[in-house]
Amino acid sequence: MLEVIDLTVAYGPVVALHAVSLTVPDGSMTAVLGANGAGKTTLVRTISGLTRPRGGSVRLDGRDITRLAPEEIARLGVAHVPQGQGVLAELTVDENLRLGGLWRRDPKGQRGALAEAYDLFPPLANRRHVAAFSLSGGERQMLSLGRALVARARVLLLDEPSLGLARLVLVQIMARLRTLVTERGLTVLLIEQNAKSALSVADEGIVLHLGKVVARGRAQQLLGEERLRHAYLGF
Amino acid sequence: MSRFFVLTLNGVTQGAIYAAMALALVMIWRATKVINFAQGAMAMFTTYLAVFAIEHGTPYWVGFLVALVSGLLLGAIVERVIVRPVESAPALNVVILTLGLLLFLEALAPMAFGGQIRSFPPAFSIVGLRLGTSQVPFSPFDLFTLGSVVAVMLLLLVLFQKTDLGLRMRASAFNPEVSRLLGIRVGRMLTLGWALASLVGALAGVLIAPSLLLYPTFMDDVLVFGFTGAVLGGLDSAVGAVVGGLLMGFALTYVGGYFGSDLETVGALVILIAVLMVRPSGLFSVQRVRQV
């Protein structure tokens with residue numbers, strides 16, 4: 001279970017997150033929605049340790065991880081898939097995938113997870129030994145996701161996975177994600193500008209506006225609220 | 001024997017040493033985007049440690065090992081103590097610090113080991129090998145120099161390309177932030193990178209010391225020529241560093257041999273300018289257009 005409690009983050013005088021709280025239970029998916037500058041990326045960066053909060057805390061299964069270094073948080077099974085730039089362009093597809101699980105020091109489990117990732121994303125299997133910079137946007141996104149799977153992450157923090165993806169690819173990826181949540185108990189925090197597609201797969205949703213939570217609830221319920229959709233979600 | 005042949009043989013040995021220095025600089029550049037101007041001074045210091053051991057009665061090979069191991073440690077210490085604290089500061093700060101370290105080590109060496117010029121024993125004979133009845137200007141020690149540089153380069157190649165540790169080190173160099181998100185302890189990888197680079201530099205130091213004599217600034221020229229080689233190769237490429245270093249070795253011995261040794265340094269400068277005019281980013285740099 002991932003808990004964010006009263007998280008406040010500021011860049012100098014600019015407060016990016018204002019006492020944000022949320023809970024993602026195991027085996028569920030929460031979508032974080034909002035426009036550009038709402039603080040969505042800051043939220044995931046703070047959870048994964050890249051940004052230091054001014055106040056509040058982040059807990060993983062009850063353990064306070066707020067002050068841990070990003071690499072230590074990753075080793076607890078939290079995989080942050082950053083927006084767009086998550087692949088190491090200079091390395092091959094295979095090297096990128098392998099990197100995900102190296103810290104586990106479990107070559108056998110690693111091989112299994114690798115095969116599974118290729119299974120799940122066939123386009124990657126065909127381009128195994130190609131440098132990642134030559135991949136398309138969609139393939140890069142698959143690579144980032146596949147790498148999180150190879151890491152056998154328990155908690156997945158996805159920052160705008162829909163960015164630059166063709167609609168069809170997005171639908172496929174979301175469907176696969178949903179399966180992983182239901183079948184394996186994966187816990188997902190999904191950051192999205194594309195509210196409609198995010199809410200259609202998520203269990204819960206919260207809406208950020210200028211660093212504050214302005215709405216939260218069941219995904220289906222948020223989808224139905226016309227006022228909210230017009231004011232913050234733009235569809 | 002033709003003069004060209006003689007010079008070529010000299011050039012390849014010299015070049016191997018410049019290549020090692022260039023490789024050390026490139027490894028650090030790739031890992032931390034810093035030119036380590038203290039690389040030569042660090043190698044000087046480890047060579048002094050080696051000669052100190054040898055003068056106190058240890059065999060050559062113990063001294064050789066002392067140089068390499070102290071190189072490894074010195075590199076790690078410099079990264080931890082000097083570079084790490086200014087990691088997030090502008091790159092210029094680190095460069096100035098490495099210049100400071102250069103001055104510090106060159107002042108410390110005569111205080112610690114005495115200021116007199118020393119000779120450094122070679123591991124093998126420096127008398128040219130005999131081929132039939134004629135003697136070629138290529139000694140067993142030259143062979144050893146070439147062999148050990150090649151061996152270290154092959155080992156590094158295997159480490160970086162074939163092992164998980166090497167993969168983690170490459171990832172840390174390319175993108176520290178993403179690497180940390182993948183659970184890689186980037187700090188340790190950087191320390192290790194500096195340590196390995198400094199080991200390669202230390203190797204260059206013990207290999208060239210027998211032909212140069214040992215004094216506190218004896219590695220300065222090697223640093224300059226190694227740096228030139230690294231820039232020729234594109235600064236970003238390990239292969240480029242090796243080729244650039246070798247080219248410098250050949251160029252300097254040809255210029256020295258045909259036009260007189262006074263012109264060696266000028267020759268190096270001319271080559272550098274010429275290459276950079278034709279290929280401003282160096283011979284082996286890969287300019288990639290990033291997709292957005």
# chains A, B, ... in the order shown; residues from 1 in each chain; ligands from 1

$ interface_residues --of "chain A" --to "chain B" --cutoff "6 Å" --atoms "only C-alpha atoms" --output "ChimeraX atom specification"
/A:70-71,74-75,100

$ residues_around --residues "B:Glu55" --least-positions-apart "5" --cutoff "10 Å" --atoms "only C-alpha atoms" --output "ChimeraX atom specification"
/B:49-50,60,63,120-121

$ residues_around --residues "stretch 200-208 of chain A" --least-positions-apart "3" --cutoff "6 Å" --atoms "only C-alpha atoms" --output "MDAnalysis selection string"
chainID A and resid 29:34 38 197 212:219

$ write_last_selection --atoms "N, CA, C and O atoms" --output "short mmCIF file (atom, residue, chain, number, x, y, z; two decimals), in the first residue's frame"
data_model
loop_
_atom_site.label_atom_id
_atom_site.label_comp_id
_atom_site.auth_asym_id
_atom_site.auth_seq_id
_atom_site.Cartn_x
_atom_site.Cartn_y
_atom_site.Cartn_z
N MET A 29 -5.48 0.61 -8.94
CA MET A 29 -4.88 1.66 -9.76
C MET A 29 -5.56 2.98 -9.47
O MET A 29 -6.78 3.08 -9.51
N THR A 30 -4.75 3.99 -9.15
CA THR A 30 -5.30 5.32 -8.91
C THR A 30 -4.77 6.26 -9.99
O THR A 30 -3.57 6.29 -10.25
N ALA A 31 -5.68 6.98 -10.60
CA ALA A 31 -5.27 7.95 -11.61
C ALA A 31 -5.16 9.33 -10.98
O ALA A 31 -6.02 9.72 -10.20
N VAL A 32 -4.07 10.02 -11.29
CA VAL A 32 -3.93 11.41 -10.84
C VAL A 32 -4.07 12.30 -12.07
O VAL A 32 -3.30 12.18 -13.02
N LEU A 33 -5.09 13.14 -12.04
CA LEU A 33 -5.41 13.93 -13.22
C LEU A 33 -5.20 15.40 -12.95
O LEU A 33 -5.13 15.83 -11.80
N GLY A 34 -5.13 16.15 -14.04
CA GLY A 34 -4.96 17.59 -13.89
C GLY A 34 -4.23 18.15 -15.08
O GLY A 34 -3.59 17.42 -15.83
N ALA A 38 -0.20 21.27 -12.73
CA ALA A 38 -1.03 20.96 -11.57
C ALA A 38 -0.21 20.35 -10.44
O ALA A 38 -0.65 20.31 -9.29
N SER A 197 -9.07 8.31 -20.84
CA SER A 197 -8.49 6.97 -20.95
C SER A 197 -8.00 6.50 -19.59
O SER A 197 -8.10 5.32 -19.25
N LYS A 212 -3.18 21.45 -5.49
CA LYS A 212 -4.13 21.03 -4.45
C LYS A 212 -5.07 19.97 -5.00
O LYS A 212 -5.39 19.98 -6.19
N VAL A 213 -5.51 19.09 -4.12
CA VAL A 213 -6.51 18.10 -4.53
C VAL A 213 -7.86 18.79 -4.55
O VAL A 213 -8.30 19.33 -3.54
N VAL A 214 -8.50 18.80 -5.73
CA VAL A 214 -9.80 19.48 -5.82
C VAL A 214 -10.94 18.49 -5.92
O VAL A 214 -12.10 18.86 -5.74
N ALA A 215 -10.63 17.24 -6.21
CA ALA A 215 -11.69 16.23 -6.26
C ALA A 215 -11.08 14.86 -6.14
O ALA A 215 -9.92 14.65 -6.50
N ARG A 216 -11.83 13.94 -5.56
CA ARG A 216 -11.39 12.54 -5.54
C ARG A 216 -12.59 11.64 -5.44
O ARG A 216 -13.66 12.06 -5.01
N GLY A 217 -12.41 10.40 -5.89
CA GLY A 217 -13.53 9.47 -5.83
C GLY A 217 -13.29 8.28 -6.72
O GLY A 217 -12.21 8.11 -7.30
N ARG A 218 -14.32 7.43 -6.83
CA ARG A 218 -14.25 6.29 -7.72
C ARG A 218 -14.11 6.80 -9.15
O ARG A 218 -14.68 7.84 -9.51
N ALA A 219 -13.37 6.08 -9.94
CA ALA A 219 -13.11 6.53 -11.30
C ALA A 219 -14.40 6.73 -12.09
O ALA A 219 -14.57 7.74 -12.78
#

$ atom_distance --atom1 "atom CA of B:Phe144" --atom2 "atom CA of B:Tyr215"
22.9 Å

$ atom_distance --atom1 "atom CA of A:Val188" --atom2 "atom CA of A:Thr23"
10.9 Å

$ atom_distance --atom1 "atom CA of A:Val81" --atom2 "atom CA of A:Pro161"
8.2 Å

$ residues_around --residues "A:Gly185" --least-positions-apart "3" --cutoff "12 Å" --atoms "only C-alpha atoms" --output "PyMOL selection string"
chain A and resi 1+24-29+152-156+177-182+188

$ select_by_dssp --residues "stretch 70-193 of chain A" --states "alpha helix (DSSP H)" --output "PyMOL selection string"
chain A and resi 70-74+93-101+107-120+122-126+137-150+167-184

$ closest_residue --among "A:Leu22, A:Leu120, A:Ala69, A:Leu99" --to "A:Arg45" --atoms "only C-alpha atoms"
A:Ala69

$ residues_around --residues "B:Ala202" --least-positions-apart "6" --cutoff "9 Å" --atoms "only C-alpha atoms" --output "ChimeraX atom specification"
/B:21,39-40,42-47,67-72

$ closest_residue --among "A:Gly109, A:Pro53, A:Gly101, A:Gly86" --to "A:Glu139" --atoms "only C-alpha atoms"
A:Gly86

$ residues_around --residues "B:Leu246" --least-positions-apart "5" --cutoff "8 Å" --atoms "only C-alpha atoms" --output "list in words"
Gly11, Val12, Gln14, Gly15, Ala16, Tyr18, Ala19 and Gly229 of chain B

$ write_last_selection --atoms "N, CA and C atoms" --output "PDB file, in the first residue's frame"
ATOM      1  N   GLY B  11      56.893   5.144 -32.444  1.00  0.00           N
ATOM      2  CA  GLY B  11      55.591   5.800 -32.382  1.00  0.00           C
ATOM      3  C   GLY B  11      54.528   4.930 -31.744  1.00  0.00           C
ATOM      4  N   VAL B  12      54.545   3.652 -32.033  1.00  0.00           N
ATOM      5  CA  VAL B  12      53.480   2.795 -31.518  1.00  0.00           C
ATOM      6  C   VAL B  12      53.606   2.639 -30.000  1.00  0.00           C
ATOM      7  N   GLN B  14      55.105   4.894 -27.888  1.00  0.00           N
ATOM      8  CA  GLN B  14      54.701   6.198 -27.348  1.00  0.00           C
ATOM      9  C   GLN B  14      53.184   6.342 -27.396  1.00  0.00           C
ATOM     10  N   GLY B  15      52.661   5.961 -28.548  1.00  0.00           N
ATOM     11  CA  GLY B  15      51.228   6.107 -28.776  1.00  0.00           C
ATOM     12  C   GLY B  15      50.411   5.291 -27.794  1.00  0.00           C
ATOM     13  N   ALA B  16      50.899   4.121 -27.446  1.00  0.00           N
ATOM     14  CA  ALA B  16      50.165   3.273 -26.503  1.00  0.00           C
ATOM     15  C   ALA B  16      50.025   3.996 -25.167  1.00  0.00           C
ATOM     16  N   TYR B  18      50.177   7.362 -24.687  1.00  0.00           N
ATOM     17  CA  TYR B  18      49.227   8.471 -24.844  1.00  0.00           C
ATOM     18  C   TYR B  18      47.798   7.942 -24.901  1.00  0.00           C
ATOM     19  N   ALA B  19      47.643   6.782 -25.524  1.00  0.00           N
ATOM     20  CA  ALA B  19      46.308   6.189 -25.625  1.00  0.00           C
ATOM     21  C   ALA B  19      45.775   5.864 -24.236  1.00  0.00           C
ATOM     22  N   GLY B 229      45.102  13.640 -27.847  1.00  0.00           N
ATOM     23  CA  GLY B 229      44.617  12.394 -28.448  1.00  0.00           C
ATOM     24  C   GLY B 229      43.141  12.177 -28.154  1.00  0.00           C
TER      25      GLY B 229
END

$ select_by_dssp --residues "stretch 80-193 of chain A" --states "strand (DSSP E or B)" --output "JSON, numbers by chain"
{"A": [80, 81, 92, 131, 155, 156, 157, 158, 159, 187, 188, 189, 190, 191, 192]}

$ decode --residues "stretch 122-136 of chain A" --atoms "all heavy atoms" --output "compact mmCIF listing (two decimals), in the first residue's frame"
# COMPACT_ATOMS: atom_id res chain seq x y z
N PRO A 122 5.80 -7.64 -28.08
CA PRO A 122 6.50 -8.26 -29.20
C PRO A 122 7.36 -7.31 -30.03
O PRO A 122 8.43 -7.72 -30.49
CB PRO A 122 5.37 -8.86 -30.05
CG PRO A 122 4.24 -9.02 -29.11
CD PRO A 122 4.36 -7.92 -28.10
N PRO A 123 6.95 -6.05 -30.22
CA PRO A 123 7.81 -5.17 -31.03
C PRO A 123 9.21 -5.04 -30.44
O PRO A 123 10.17 -4.81 -31.17
CB PRO A 123 7.09 -3.82 -30.98
CG PRO A 123 5.67 -4.15 -30.68
CD PRO A 123 5.71 -5.36 -29.81
N LEU A 124 9.32 -5.17 -29.13
CA LEU A 124 10.63 -5.06 -28.50
C LEU A 124 11.50 -6.27 -28.82
O LEU A 124 12.70 -6.15 -29.04
CB LEU A 124 10.49 -4.93 -26.98
CG LEU A 124 9.78 -3.68 -26.47
CD1 LEU A 124 9.76 -3.69 -24.95
CD2 LEU A 124 10.45 -2.43 -26.99
N ALA A 125 10.87 -7.43 -28.86
CA ALA A 125 11.62 -8.66 -29.12
C ALA A 125 12.31 -8.61 -30.47
O ALA A 125 13.44 -9.08 -30.63
CB ALA A 125 10.69 -9.87 -29.03
N ASN A 126 11.64 -7.98 -31.44
CA ASN A 126 12.23 -7.89 -32.78
C ASN A 126 13.41 -6.92 -32.84
O ASN A 126 14.19 -6.95 -33.77
CB ASN A 126 11.18 -7.42 -33.79
CG ASN A 126 10.02 -8.38 -33.86
OD1 ASN A 126 10.20 -9.58 -33.64
ND2 ASN A 126 8.82 -7.87 -34.14
N ARG A 127 13.48 -6.04 -31.86
CA ARG A 127 14.50 -5.00 -31.92
C ARG A 127 15.46 -5.08 -30.74
O ARG A 127 16.07 -4.09 -30.35
CB ARG A 127 13.84 -3.62 -31.97
CG ARG A 127 12.60 -3.63 -32.84
CD ARG A 127 12.24 -2.26 -33.28
NE ARG A 127 13.33 -1.65 -34.04
CZ ARG A 127 13.29 -0.43 -34.52
NH1 ARG A 127 12.22 0.30 -34.32
NH2 ARG A 127 14.30 0.06 -35.19
N ARG A 128 15.56 -6.27 -30.22
CA ARG A 128 16.36 -6.55 -29.03
C ARG A 128 17.74 -5.89 -28.98
O ARG A 128 18.14 -5.33 -27.99
CB ARG A 128 16.56 -8.07 -28.98
CG ARG A 128 16.68 -8.65 -27.63
CD ARG A 128 16.70 -10.15 -27.75
NE ARG A 128 15.34 -10.66 -27.91
CZ ARG A 128 14.90 -11.74 -27.28
NH1 ARG A 128 15.69 -12.40 -26.47
NH2 ARG A 128 13.66 -12.14 -27.45
N HIS A 129 18.48 -5.98 -30.11
CA HIS A 129 19.86 -5.50 -30.09
C HIS A 129 20.05 -4.17 -30.79
O HIS A 129 21.14 -3.81 -31.21
CB HIS A 129 20.79 -6.58 -30.67
CG HIS A 129 20.72 -7.84 -29.88
ND1 HIS A 129 21.16 -7.91 -28.57
CD2 HIS A 129 20.22 -9.06 -30.16
CE1 HIS A 129 20.94 -9.13 -28.09
NE2 HIS A 129 20.38 -9.84 -29.05
N VAL A 130 18.93 -3.45 -30.88
CA VAL A 130 18.96 -2.13 -31.52
C VAL A 130 19.09 -1.09 -30.42
O VAL A 130 18.52 -1.24 -29.34
CB VAL A 130 17.64 -1.94 -32.29
CG1 VAL A 130 17.46 -0.51 -32.72
CG2 VAL A 130 17.60 -2.88 -33.49
N ALA A 131 19.86 -0.02 -30.66
CA ALA A 131 19.97 1.05 -29.67
C ALA A 131 18.61 1.72 -29.49
O ALA A 131 17.88 1.93 -30.45
CB ALA A 131 21.01 2.07 -30.09
N ALA A 132 18.29 2.04 -28.24
CA ALA A 132 16.95 2.53 -27.93
C ALA A 132 16.63 3.86 -28.60
O ALA A 132 15.47 4.21 -28.76
CB ALA A 132 16.77 2.65 -26.42
N PHE A 133 17.66 4.63 -29.01
CA PHE A 133 17.36 5.93 -29.62
C PHE A 133 16.65 5.80 -30.95
O PHE A 133 16.01 6.73 -31.40
CB PHE A 133 18.63 6.80 -29.74
CG PHE A 133 19.56 6.39 -30.85
CD1 PHE A 133 19.38 6.86 -32.14
CD2 PHE A 133 20.63 5.54 -30.60
CE1 PHE A 133 20.24 6.49 -33.16
CE2 PHE A 133 21.49 5.16 -31.61
CZ PHE A 133 21.29 5.64 -32.89
N SER A 134 16.74 4.61 -31.56
CA SER A 134 16.08 4.45 -32.85
C SER A 134 14.63 3.97 -32.71
O SER A 134 13.95 3.76 -33.69
CB SER A 134 16.87 3.47 -33.72
OG SER A 134 16.77 2.18 -33.18
N LEU A 135 14.16 3.82 -31.48
CA LEU A 135 12.78 3.35 -31.29
C LEU A 135 11.78 4.49 -31.49
O LEU A 135 12.12 5.66 -31.30
CB LEU A 135 12.60 2.80 -29.87
CG LEU A 135 13.42 1.58 -29.46
CD1 LEU A 135 13.03 1.15 -28.06
CD2 LEU A 135 13.24 0.44 -30.43
N SER A 136 10.57 4.13 -31.82
CA SER A 136 9.50 5.12 -31.91
C SER A 136 9.01 5.46 -30.50
O SER A 136 9.37 4.77 -29.53
CB SER A 136 8.34 4.56 -32.72
OG SER A 136 7.69 3.55 -31.96
